>>> print(open('model.pdb').read())   # PDB, C-alpha atoms
ATOM      1  CA  MET H 205       0.000   0.000   0.000
ATOM      2  CA  PRO H 206       1.338   3.466  -0.810
ATOM      3  CA  ARG H 207       2.520   5.546   2.078
ATOM      4  CA  VAL H 208       0.045   8.082   3.437
ATOM      5  CA  PRO H 209       1.424  11.582   4.136
ATOM      6  CA  ASN H 210       2.144  11.931   7.839
ATOM      7  CA  GLY H 211       1.782  15.696   8.041
ATOM      8  CA  ASP H 212       5.504  16.425   8.153
ATOM      9  CA  GLY H 213       5.387  17.854   4.642
ATOM     10  CA  GLU H 214       2.318  19.116   2.795
ATOM     11  CA  ARG H 215       1.716  17.998  -0.778
ATOM     12  CA  SER H 216      -0.714  19.230  -3.403
ATOM     13  CA  HIS H 217      -3.887  17.246  -3.968
ATOM     14  CA  CYS H 218      -2.581  16.343  -7.433
ATOM     15  CA  ASP H 219       0.470  14.647  -5.897
ATOM     16  CA  LEU H 220      -1.672  13.045  -3.203
ATOM     17  CA  PHE H 221      -4.317  11.419  -5.320
ATOM     18  CA  GLY H 222      -1.623  10.257  -7.734
ATOM     19  CA  ALA H 223       0.312   8.614  -4.916
ATOM     20  CA  LEU H 224      -2.755   7.070  -3.318
ATOM     21  CA  SER H 225      -4.430   5.916  -6.524
ATOM     22  CA  SER H 226      -1.507   4.277  -8.335
ATOM     23  CA  GLY H 227      -1.220   0.660  -7.301
ATOM     24  CA  ALA H 228      -3.795   0.875  -4.516
ATOM     25  CA  GLY H 229      -5.508  -2.185  -5.913
ATOM     26  CA  HIS H 230      -9.063  -1.191  -4.972
ATOM     27  CA  PRO H 231     -12.009  -0.916  -7.372
ATOM     28  CA  GLY H 232     -12.594   2.604  -8.599
ATOM     29  CA  SER H 233      -9.251   3.969  -7.433
ATOM     30  CA  GLY H 234      -8.736   5.919 -10.659
ATOM     31  CA  PRO H 235     -10.636   8.961 -11.989
ATOM     32  CA  ASP H 236     -14.421   8.895 -11.605
ATOM     33  CA  PRO H 237     -15.852   8.534 -15.137
ATOM     34  CA  HIS H 238     -19.412   9.246 -13.979
ATOM     35  CA  LEU H 239     -18.581  12.750 -12.787
ATOM     36  CA  ASN H 240     -19.573  15.647 -14.990
ATOM     37  CA  ILE H 241     -17.262  18.132 -13.305
ATOM     38  CA  GLY H 242     -18.134  20.853 -15.786
ATOM     39  CA  GLU H 243     -21.755  20.839 -14.625
ATOM     40  CA  TYR H 244     -20.908  21.646 -11.005
ATOM     41  CA  LEU H 245     -17.347  22.920 -11.109
ATOM     42  CA  TYR H 246     -17.840  26.487  -9.898
ATOM     43  CA  GLY H 247     -20.502  28.709  -8.415
ATOM     44  CA  MET H 248     -21.997  26.177  -5.984
ATOM     45  CA  GLU H 249     -21.876  26.192  -2.209
ATOM     46  CA  THR H 250     -20.375  22.799  -1.384
ATOM     47  CA  LEU H 251     -19.887  21.015   1.953
ATOM     48  CA  VAL H 252     -17.621  18.034   2.656
ATOM     49  CA  TYR H 253     -18.343  15.479   5.386
ATOM     50  CA  ILE H 254     -15.808  12.674   5.951
ATOM     51  CA  GLY H 255     -17.177   9.719   7.904
ATOM     52  CA  ALA H 256     -20.738  10.892   7.300
ATOM     53  CA  GLY H 257     -22.533   7.591   7.828
ATOM     54  CA  THR H 258     -26.292   8.212   7.697
ATOM     55  CA  ASP H 259     -26.159  11.657   9.339
ATOM     56  CA  CYS H 260     -28.855  13.806   7.730
ATOM     57  CA  ILE H 261     -28.696  16.850  10.034
ATOM     58  CA  PRO H 262     -26.466  18.876   7.636
ATOM     59  CA  LEU H 263     -28.957  18.180   4.831
ATOM     60  CA  ILE H 264     -31.824  19.411   7.003
ATOM     61  CA  MET H 265     -30.130  22.414   8.591
ATOM     62  CA  LEU H 266     -27.875  23.934   5.963
ATOM     63  CA  ASP H 267     -30.278  25.331   3.398
ATOM     64  CA  HIS H 268     -27.633  27.536   1.784
ATOM     65  CA  ILE H 269     -25.549  24.489   0.794
ATOM     66  CA  GLN H 270     -26.398  23.350  -2.723
ATOM     67  CA  GLU H 271     -24.102  20.336  -2.893
ATOM     68  CA  PHE H 272     -22.974  17.854  -0.238
ATOM     69  CA  ILE H 273     -19.963  15.560  -0.607
ATOM     70  CA  TYR H 274     -20.252  12.621   1.800
ATOM     71  CA  VAL H 275     -17.428  10.077   2.203
ATOM     72  CA  ASP H 276     -17.492   6.874   4.272
ATOM     73  CA  SER H 277     -15.698   3.522   4.259
ATOM     74  CA  ARG H 278     -18.980   1.697   4.805
ATOM     75  CA  PRO H 279     -20.428  -0.649   3.757
ATOM     76  CA  GLN H 280     -17.130  -2.348   2.861
ATOM     77  CA  SER H 281     -15.596  -1.636   6.278
ATOM     78  CA  GLU H 282     -16.793  -0.051   9.490
ATOM     79  CA  PHE H 283     -13.224   0.942  10.318
ATOM     80  CA  GLY H 284     -11.571   2.478   7.275
ATOM     81  CA  MET H 285      -8.827   0.305   5.799
ATOM     82  CA  ASP H 286      -8.927  -2.172   8.690
ATOM     83  CA  GLU H 287      -9.855  -5.537   7.164
ATOM     84  CA  TYR H 288     -11.125  -3.701   4.071
ATOM     85  CA  ASP H 289     -10.164  -6.491   1.666
ATOM     86  CA  THR H 290     -11.304  -9.350   3.905
ATOM     87  CA  GLY H 291     -14.808  -7.958   4.433
ATOM     88  CA  LEU H 292     -14.623  -8.718   8.162
ATOM     89  CA  PHE H 293     -16.288  -5.401   9.011
ATOM     90  CA  TYR H 294     -18.662  -5.308   6.031
ATOM     91  CA  ARG H 295     -22.049  -3.749   6.873
ATOM     92  CA  GLY H 296     -24.614  -5.167   4.479
ATOM     93  CA  THR H 297     -27.545  -3.102   5.763
ATOM     94  CA  PHE H 298     -25.781   0.242   5.435
ATOM     95  CA  LEU H 299     -26.823   1.286   1.929
ATOM     96  CA  PRO H 300     -30.495   0.225   2.200
ATOM     97  CA  ARG H 301     -30.685   2.073   5.519
ATOM     98  CA  LEU H 302     -29.009   5.149   4.023
ATOM     99  CA  GLU H 303     -31.488   5.269   1.145
ATOM    100  CA  ALA H 304     -34.451   4.853   3.513
ATOM    101  CA  ILE H 305     -33.278   7.653   5.830
ATOM    102  CA  LEU H 306     -32.627  10.057   2.964
ATOM    103  CA  ARG H 307     -36.036   9.290   1.478
ATOM    104  CA  ARG H 308     -37.613  10.451   4.738
ATOM    105  CA  ILE H 309     -36.250  13.957   4.113
ATOM    106  CA  GLY H 310     -36.978  14.062   0.399
ATOM    107  CA  PHE H 311     -33.715  12.846  -1.144
ATOM    108  CA  GLU H 312     -34.079  10.194  -3.843
ATOM    109  CA  LEU H 313     -31.369   8.071  -5.402
ATOM    110  CA  VAL H 314     -30.903   9.213  -9.011
ATOM    111  CA  ALA H 315     -27.563   7.631  -9.970
ATOM    112  CA  LYS H 316     -25.388   4.770  -8.804
ATOM    113  CA  LYS H 317     -22.127   3.501 -10.216
ATOM    114  CA  ASN H 318     -19.643   1.328  -8.381
ATOM    115  CA  ARG H 319     -19.024   3.050  -5.038
ATOM    116  CA  TYR H 320     -20.626   6.361  -6.037
ATOM    117  CA  LEU H 321     -24.247   7.271  -5.270
ATOM    118  CA  GLU H 322     -26.048  10.490  -6.140
ATOM    119  CA  PHE H 323     -29.177  11.726  -4.390
ATOM    120  CA  ARG H 324     -31.300  14.757  -5.207
ATOM    121  CA  SER H 325     -33.999  16.605  -3.314
ATOM    122  CA  GLY H 326     -37.122  17.429  -5.305
ATOM    123  CA  ARG H 327     -38.002  19.954  -2.619
ATOM    124  CA  THR H 328     -34.796  22.012  -2.606
ATOM    125  CA  SER H 329     -32.886  20.783  -5.705
ATOM    126  CA  GLN H 330     -29.903  20.072  -3.444
ATOM    127  CA  VAL H 331     -27.592  17.266  -4.506
ATOM    128  CA  LEU H 332     -25.792  14.741  -2.321
ATOM    129  CA  ARG H 333     -22.797  12.945  -3.822
ATOM    130  CA  TYR H 334     -21.974   9.931  -1.668
ATOM    131  CA  TYR H 335     -18.630   8.116  -1.992
ATOM    132  CA  SER H 336     -19.326   4.849  -0.202
ATOM    133  CA  SER H 337     -16.761   2.150   0.631
ATOM    134  CA  THR H 338     -14.147   4.889   0.335
ATOM    135  CA  ALA H 339     -11.552   5.008   3.108
ATOM    136  CA  PHE H 340     -10.078   8.491   3.418
ATOM    137  CA  PRO H 341      -7.424   9.414   2.437
ATOM    138  CA  GLU H 342      -6.137   6.029   1.261
ATOM    139  CA  MET H 343      -8.734   5.696  -1.507
ATOM    140  CA  LEU H 344      -8.789   9.279  -2.718
ATOM    141  CA  THR H 345      -9.609   9.526  -6.423
ATOM    142  CA  GLU H 346      -9.056  12.265  -8.957
ATOM    143  CA  GLY H 347     -12.757  13.031  -9.097
ATOM    144  CA  LEU H 348     -13.106  13.254  -5.325
ATOM    145  CA  ALA H 349      -9.964  15.403  -5.072
ATOM    146  CA  THR H 350     -11.499  17.820  -7.578
ATOM    147  CA  GLN H 351     -14.659  17.988  -5.497
ATOM    148  CA  LEU H 352     -12.696  18.728  -2.332
ATOM    149  CA  ALA H 353     -10.588  21.395  -4.030
ATOM    150  CA  ARG H 354     -13.589  23.581  -4.806
ATOM    151  CA  ALA H 355     -15.607  22.998  -1.597
ATOM    152  CA  GLN H 356     -16.013  25.880   0.874
ATOM    153  CA  TYR H 357     -17.371  24.085   3.960
ATOM    154  CA  LEU H 358     -16.263  21.186   6.165
ATOM    155  CA  TYR H 359     -18.518  19.313   8.601
ATOM    156  CA  LEU H 360     -16.758  17.607  11.524
ATOM    157  CA  ALA H 361     -18.787  15.198  13.630
ATOM    158  CA  GLY H 362     -17.800  11.953  15.348
ATOM    159  CA  PHE H 363     -15.004  10.869  13.040
ATOM    160  CA  ASP H 364     -11.694  12.734  13.036
ATOM    161  CA  PRO H 365     -10.388  12.679   9.437
ATOM    162  CA  HIS H 366      -6.747  12.881   8.417
ATOM    163  CA  LYS H 367      -5.705  16.535   8.460
ATOM    164  CA  ILE H 368      -4.662  16.314   4.808
ATOM    165  CA  VAL H 369      -8.300  17.224   4.139
ATOM    166  CA  LEU H 370      -7.415  20.835   5.048
ATOM    167  CA  THR H 371      -4.706  20.900   2.384
ATOM    168  CA  LEU H 372      -7.064  19.344  -0.149
ATOM    169  CA  MET H 373      -9.604  22.138   0.491
ATOM    170  CA  PRO H 374      -7.841  25.421  -0.417
ATOM    171  CA  ASN H 375     -11.202  27.216  -0.700
ATOM    172  CA  LEU H 376     -12.391  26.190   2.769
ATOM    173  CA  LYS H 377     -13.911  29.117   4.643
ATOM    174  CA  SER H 378     -16.201  27.633   7.338
ATOM    175  CA  VAL H 379     -16.137  24.625   9.659
ATOM    176  CA  TYR H 380     -19.305  23.162  11.192
ATOM    177  CA  CYS H 381     -19.225  21.166  14.414
ATOM    178  CA  ASN H 382     -21.970  19.503  16.459
ATOM    179  CA  MET H 383     -22.864  18.530  20.000
ATOM    180  CA  HIS H 384     -22.261  14.807  19.601
ATOM    181  CA  THR H 385     -18.494  15.270  19.432
ATOM    182  CA  VAL H 386     -15.928  16.429  21.961
ATOM    183  CA  TYR H 387     -13.129  18.167  20.088
ATOM    184  CA  ASP H 388     -10.377  17.407  22.584
ATOM    185  CA  SER H 389      -6.904  18.451  21.456
ATOM    186  CA  ASP H 390      -5.094  17.571  24.688
ATOM    187  CA  GLU H 391      -5.520  13.799  24.294
ATOM    188  CA  TYR H 392      -3.353  13.872  21.164
ATOM    189  CA  ALA H 393      -0.609  16.121  22.545
ATOM    190  CA  ASP H 394       1.928  13.377  23.250
ATOM    191  CA  THR H 395       0.956  10.842  20.595
ATOM    192  CA  GLU H 396       1.691  10.329  16.920
ATOM    193  CA  GLU H 397      -2.024  10.835  16.240
ATOM    194  CA  LYS H 398      -1.564  14.601  16.422
ATOM    195  CA  GLY H 399       0.251  14.381  13.075
ATOM    196  CA  ARG H 400      -2.941  13.080  11.464
ATOM    197  CA  SER H 401      -5.759  14.650  13.442
ATOM    198  CA  THR H 402      -7.860  17.439  11.914
ATOM    199  CA  PHE H 403      -9.250  18.141  15.386
ATOM    200  CA  TYR H 404      -5.760  18.634  16.793
ATOM    201  CA  GLU H 405      -4.689  20.818  13.882
ATOM    202  CA  LEU H 406      -7.692  23.135  14.225
ATOM    203  CA  CYS H 407      -7.417  23.287  18.016
ATOM    204  CA  GLN H 408      -3.777  24.333  17.774
ATOM    205  CA  ASN H 409      -4.098  26.534  14.718
ATOM    206  CA  ARG H 410      -7.465  28.200  14.256
ATOM    207  CA  ARG H 411      -6.472  29.548  10.825
ATOM    208  CA  HIS H 412      -8.799  32.022   9.136
ATOM    209  CA  TYR H 413     -11.920  29.852   9.094
ATOM    210  CA  SER H 414     -15.224  30.767  10.672
ATOM    211  CA  TYR H 415     -16.746  28.157  12.991
ATOM    212  CA  TRP H 416     -20.395  27.222  13.457
ATOM    213  CA  LEU H 417     -22.136  24.956  15.935
ATOM    214  CA  VAL H 418     -25.182  22.898  15.016
ATOM    215  CA  LYS H 419     -26.869  23.106  18.413
ATOM    216  CA  GLU H 420     -29.672  20.898  19.702
ATOM    217  CA  LEU H 421     -32.483  22.669  21.525
ATOM    218  CA  ALA H 422     -34.308  19.516  22.600
ATOM    219  CA  TYR H 423     -33.461  15.883  23.142
ATOM    220  CA  TRP H 424     -34.015  13.359  20.359
ATOM    221  CA  GLU H 425     -32.808   9.800  19.876
ATOM    222  CA  TYR H 426     -30.506  10.344  16.924
ATOM    223  CA  TRP H 427     -29.845   6.617  16.556
ATOM    224  CA  GLU H 428     -33.535   5.909  15.838
ATOM    225  CA  ASP H 429     -34.159   6.125  12.084
ATOM    226  CA  GLU H 430     -37.900   6.582  12.617
ATOM    227  CA  GLN H 431     -37.279   9.929  14.296
ATOM    228  CA  VAL H 432     -35.650  11.394  11.195
ATOM    229  CA  SER H 433     -37.816  13.995   9.461
ATOM    230  CA  LEU H 434     -37.701  17.598   8.322
ATOM    231  CA  GLU H 435     -39.276  18.469  11.684
ATOM    232  CA  LEU H 436     -35.810  18.081  13.243
ATOM    233  CA  LYS H 437     -35.015  21.549  11.948
ATOM    234  CA  LYS H 438     -37.299  22.971  14.647
ATOM    235  CA  ILE H 439     -35.112  21.612  17.451
ATOM    236  CA  HIS H 440     -31.736  22.624  16.004
ATOM    237  CA  ARG H 441     -30.094  25.985  15.625
ATOM    238  CA  LEU H 442     -26.921  27.319  14.026
ATOM    239  CA  GLU H 443     -24.696  29.425  16.272
ATOM    240  CA  PRO H 444     -21.263  30.945  15.647
ATOM    241  CA  CYS H 445     -18.497  29.649  17.918
ATOM    242  CA  GLU H 446     -14.912  30.645  18.564
ATOM    243  CA  GLY H 447     -13.318  27.464  17.275
ATOM    244  CA  LEU H 448     -12.536  23.970  18.490
ATOM    245  CA  LYS H 449     -10.077  24.924  21.230
ATOM    246  CA  ASN H 450     -11.275  23.684  24.636
ATOM    247  CA  TYR H 451     -14.704  23.116  23.154
ATOM    248  CA  TYR H 452     -17.371  21.355  25.230
ATOM    249  CA  LEU H 453     -21.139  21.282  25.270
ATOM    250  CA  GLU H 454     -23.680  19.019  26.929
ATOM    251  CA  ARG H 455     -26.662  17.698  25.023
ATOM    252  CA  PRO H 456     -30.201  18.386  26.303
ATOM    253  CA  LYS H 457     -31.361  16.003  29.015
ATOM    254  CA  GLU H 458     -33.426  12.976  28.163
ATOM    255  CA  PRO H 459     -37.106  13.485  29.126
ATOM    256  CA  ASN H 460     -38.160  11.935  32.466
ATOM    257  CA  SER H 461     -34.555  11.401  33.436
ATOM    258  CA  SER H 462     -33.471  12.299  36.961
ATOM    259  CA  HIS H 463     -29.767  12.007  36.231
ATOM    260  CA  LYS H 464     -27.559  14.409  34.371
ATOM    261  CA  TYR H 465     -27.307  13.328  30.738
ATOM    262  CA  ASP H 466     -23.585  13.631  30.274
ATOM    263  CA  GLU H 467     -23.353  12.977  26.546
ATOM    264  CA  GLY H 468     -20.142  14.962  26.352
ATOM    265  CA  ALA H 469     -18.176  12.523  28.483
ATOM    266  CA  ARG H 470     -19.652   9.528  26.702
ATOM    267  CA  ALA H 471     -18.892  11.014  23.302
ATOM    268  CA  ALA H 472     -15.318  11.718  24.348
ATOM    269  CA  GLY H 473     -14.741   8.062  25.182
ATOM    270  CA  SER H 474     -16.459   6.941  22.007
ATOM    271  CA  LEU H 475     -14.439   9.359  19.914
ATOM    272  CA  ARG H 476     -11.133   8.188  21.357
ATOM    273  CA  SER H 477     -11.829   4.519  20.675
ATOM    274  CA  ARG H 478     -13.318   5.220  17.261
ATOM    275  CA  PHE H 479     -10.443   7.433  16.136
ATOM    276  CA  ARG H 480      -7.780   5.020  17.281
ATOM    277  CA  SER H 481      -9.454   1.997  15.730
ATOM    278  CA  ARG H 482      -9.922   3.841  12.434
ATOM    279  CA  SER H 483      -6.640   5.752  12.441
ATOM    280  CA  HIS H 484      -4.911   5.909   9.087
ATOM    281  CA  ARG H 485      -1.837   3.738   9.280
ATOM    282  CA  THR H 486       1.157   3.813   6.975
ATOM    283  CA  GLU H 487       3.139   0.901   5.650
ATOM    284  CA  SER H 488       6.649   0.704   4.334
TER
END
>>> encode(input="model.pdb", output="structure tokens")
Amino acid sequence: MPRVPNGDGERSHCDLFGALSSGAGHPGSGPDPHLNIGEYLYGMETLVYIGAGTDCIPLIMLDHIQEFIYVDSRPQSEFGMDEYDTGLFYRGTFLPRLEAILRRIGFELVAKKNRYLEFRSGRTSQVLRYYSSTAFPEMLTEGLATQLARAQYLYLAGFDPHKIVLTLMPNLKSVYCNMHTVYDSDEYADTEEKGRSTFYELCQNRRHYSYWLVKELAYWEYWEDEQVSLELKKIHRLEPCEGLKNYYLERPKEPNSSHKYDEGARAAGSLRSRFRSRSHRTES
């Protein structure tokens, strides 16, 4: 497997996708022939979400975004490149569940080729381009790199992507975060993970980006697909925030619960285990 950049030296996205695509040995590792880049190349507000899963909150909340680029290693692997070829962590229900959830908010599947799926909303004309079974950054393609290069927004929730995503997005101007994630920079301070972590990079170096919080105003069981609807917009709100440094928020309490619903602490533990199990390893 080609070596993944470790953050010691930045490379252009052209060099990166060339290095990661040549000889990777995975289906679809070359340019994306289905992409009509000319149709959407410029003039669109585009958001990138690495490790998106079935999260529909950005689609519901961010009306000004015309195009969403979602990337996830599922269904082929729950944990990035870990056991990708063996299928040990294959999730067979992922794509049917994704389609069902998106249908609940008005997004219909209009195109599918290999690992690429395209959804469109008849209500808003927004488009969602989903790169499934795509571990980032190991399986970066030319088409995906082009998409990242013109995107202006990055959504960070749950999964901490390799910080090369910041280099691949030279037009990035705003970062969105949410209440399900604790953006803890201190835990990486003395580990090699800080050389890969986007969270760590943004905590240490705020750069010139603006930061926004997708804030919950009321409790809802986000793991229950049946609760997904456009009505969720009524219990969420966008707020500006100062950045990821020392960031912490507690979710609303569960109804009829006498104990403090400390989602922040639980998310922190979940994030640590999830990041470490899905960390992007290099090989000689």
>>> closest_residue(input="model.pdb", among="H:Ile368, H:Ala315, H:Val275, H:Ala355", to="Tyr253 in chain H", atoms="only C-alpha atoms")
H:Val275
>>> residues_around(input="model.pdb", residues="range 257-259 of chain H", least_positions_apart="4", cutoff="12 Å", atoms="only C-alpha atoms", output="PyMOL selection string")
chain H and resi 253+263-265+272-279+281-283+295+297-309+332+334-338+359-363+382+384+426-429+432-433
>>> write_last_selection(input="model.pdb", atoms="C-alpha atoms", output="CSV table (one decimal), keeping the file's coordinate frame")
chain,number,residue,atom,x,y,z
H,253,TYR,CA,-18.3,15.5,5.4
H,263,LEU,CA,-29.0,18.2,4.8
H,264,ILE,CA,-31.8,19.4,7.0
H,265,MET,CA,-30.1,22.4,8.6
H,272,PHE,CA,-23.0,17.9,-0.2
H,273,ILE,CA,-20.0,15.6,-0.6
H,274,TYR,CA,-20.3,12.6,1.8
H,275,VAL,CA,-17.4,10.1,2.2
H,276,ASP,CA,-17.5,6.9,4.3
H,277,SER,CA,-15.7,3.5,4.3
H,278,ARG,CA,-19.0,1.7,4.8
H,279,PRO,CA,-20.4,-0.6,3.8
H,281,SER,CA,-15.6,-1.6,6.3
H,282,GLU,CA,-16.8,-0.1,9.5
H,283,PHE,CA,-13.2,0.9,10.3
H,295,ARG,CA,-22.0,-3.7,6.9
H,297,THR,CA,-27.5,-3.1,5.8
H,298,PHE,CA,-25.8,0.2,5.4
H,299,LEU,CA,-26.8,1.3,1.9
H,300,PRO,CA,-30.5,0.2,2.2
H,301,ARG,CA,-30.7,2.1,5.5
H,302,LEU,CA,-29.0,5.1,4.0
H,303,GLU,CA,-31.5,5.3,1.1
H,304,ALA,CA,-34.5,4.9,3.5
H,305,ILE,CA,-33.3,7.7,5.8
H,306,LEU,CA,-32.6,10.1,3.0
H,307,ARG,CA,-36.0,9.3,1.5
H,308,ARG,CA,-37.6,10.5,4.7
H,309,ILE,CA,-36.2,14.0,4.1
H,332,LEU,CA,-25.8,14.7,-2.3
H,334,TYR,CA,-22.0,9.9,-1.7
H,335,TYR,CA,-18.6,8.1,-2.0
H,336,SER,CA,-19.3,4.8,-0.2
H,337,SER,CA,-16.8,2.2,0.6
H,338,THR,CA,-14.1,4.9,0.3
H,359,TYR,CA,-18.5,19.3,8.6
H,360,LEU,CA,-16.8,17.6,11.5
H,361,ALA,CA,-18.8,15.2,13.6
H,362,GLY,CA,-17.8,12.0,15.3
H,363,PHE,CA,-15.0,10.9,13.0
H,382,ASN,CA,-22.0,19.5,16.5
H,384,HIS,CA,-22.3,14.8,19.6
H,426,TYR,CA,-30.5,10.3,16.9
H,427,TRP,CA,-29.8,6.6,16.6
H,428,GLU,CA,-33.5,5.9,15.8
H,429,ASP,CA,-34.2,6.1,12.1
H,432,VAL,CA,-35.6,11.4,11.2
H,433,SER,CA,-37.8,14.0,9.5
>>> atom_distance(input="model.pdb", atom1="CA of Ala339 in chain H", atom2="CA of Gly284 in chain H")
4.9 Å
>>> atom_distance(input="model.pdb", atom1="CA of Lys316 in chain H", atom2="CA of Ile269 in chain H")
21.9 Å
>>> resolve_selection(input="model.pdb", expression="the PyMOL selection byres ((chain H and resi 436-449) around 8)", output="PDB file with C-alpha atoms, keeping the file's coordinate frame")
ATOM      1  CA  ILE H 261     -28.696  16.850  10.034  1.00  0.00           C
ATOM      2  CA  ILE H 264     -31.824  19.411   7.003  1.00  0.00           C
ATOM      3  CA  MET H 265     -30.130  22.414   8.591  1.00  0.00           C
ATOM      4  CA  TYR H 387     -13.129  18.167  20.088  1.00  0.00           C
ATOM      5  CA  ASP H 388     -10.377  17.407  22.584  1.00  0.00           C
ATOM      6  CA  SER H 389      -6.904  18.451  21.456  1.00  0.00           C
ATOM      7  CA  PHE H 403      -9.250  18.141  15.386  1.00  0.00           C
ATOM      8  CA  LEU H 406      -7.692  23.135  14.225  1.00  0.00           C
ATOM      9  CA  CYS H 407      -7.417  23.287  18.016  1.00  0.00           C
ATOM     10  CA  GLN H 408      -3.777  24.333  17.774  1.00  0.00           C
ATOM     11  CA  ARG H 410      -7.465  28.200  14.256  1.00  0.00           C
ATOM     12  CA  SER H 414     -15.224  30.767  10.672  1.00  0.00           C
ATOM     13  CA  TYR H 415     -16.746  28.157  12.991  1.00  0.00           C
ATOM     14  CA  TRP H 416     -20.395  27.222  13.457  1.00  0.00           C
ATOM     15  CA  LEU H 417     -22.136  24.956  15.935  1.00  0.00           C
ATOM     16  CA  VAL H 418     -25.182  22.898  15.016  1.00  0.00           C
ATOM     17  CA  LYS H 419     -26.869  23.106  18.413  1.00  0.00           C
ATOM     18  CA  GLU H 420     -29.672  20.898  19.702  1.00  0.00           C
ATOM     19  CA  LEU H 421     -32.483  22.669  21.525  1.00  0.00           C
ATOM     20  CA  ALA H 422     -34.308  19.516  22.600  1.00  0.00           C
ATOM     21  CA  VAL H 432     -35.650  11.394  11.195  1.00  0.00           C
ATOM     22  CA  SER H 433     -37.816  13.995   9.461  1.00  0.00           C
ATOM     23  CA  LEU H 434     -37.701  17.598   8.322  1.00  0.00           C
ATOM     24  CA  GLU H 435     -39.276  18.469  11.684  1.00  0.00           C
ATOM     25  CA  ASN H 450     -11.275  23.684  24.636  1.00  0.00           C
ATOM     26  CA  TYR H 451     -14.704  23.116  23.154  1.00  0.00           C
TER      27      TYR H 451
END
>>> atom_distance(input="model.pdb", atom1="CA of Gln351 in chain H", atom2="CA of Thr250 in chain H")
8.5 Å
>>> closest_residue(input="model.pdb", among="H:Leu372, H:Glu397, H:Glu271, H:Gly310", to="Glu346 in chain H", atoms="all atoms listed in the file")
H:Leu372
>>> resolve_selection(input="model.pdb", expression="the PyMOL selection byres ((chain H and resi 249) around 12)", output="list in words")
Tyr244, Leu245, Tyr246, Gly247, Met248, Thr250, Leu251, Val252, Leu266, Asp267, His268, Ile269, Gln270, Glu271, Phe272, Ile273, Gln330, Val331, Gln351, Leu352, Arg354, Ala355, Gln356, Tyr357, Leu358, Asn375, Leu376, Lys377 and Ser378 of chain H
>>> closest_residue(input="model.pdb", among="H:His412, H:Ala349, H:Lys398, H:Lys317", to="Val379 in chain H", atoms="all atoms listed in the file")
H:His412
>>> residues_around(input="model.pdb", residues="Val369 in chain H", least_positions_apart="2", cutoff="9 Å", atoms="all atoms listed in the file", output="list of chain:residue names")
H:Ile254, H:Phe340, H:Pro341, H:Leu352, H:Pro365, H:His366, H:Lys367, H:Thr371, H:Leu372, H:Met373, H:Thr402
>>> axis_aligned_box(input="model.pdb", around="range 352-355 of chain H", padding_each_side="8 Å", output="lines of an AutoDock Vina configuration file")
center_x = -13.1
center_y = 21.2
center_z = -3.2
size_x = 21.0
size_y = 20.9
size_z = 19.2
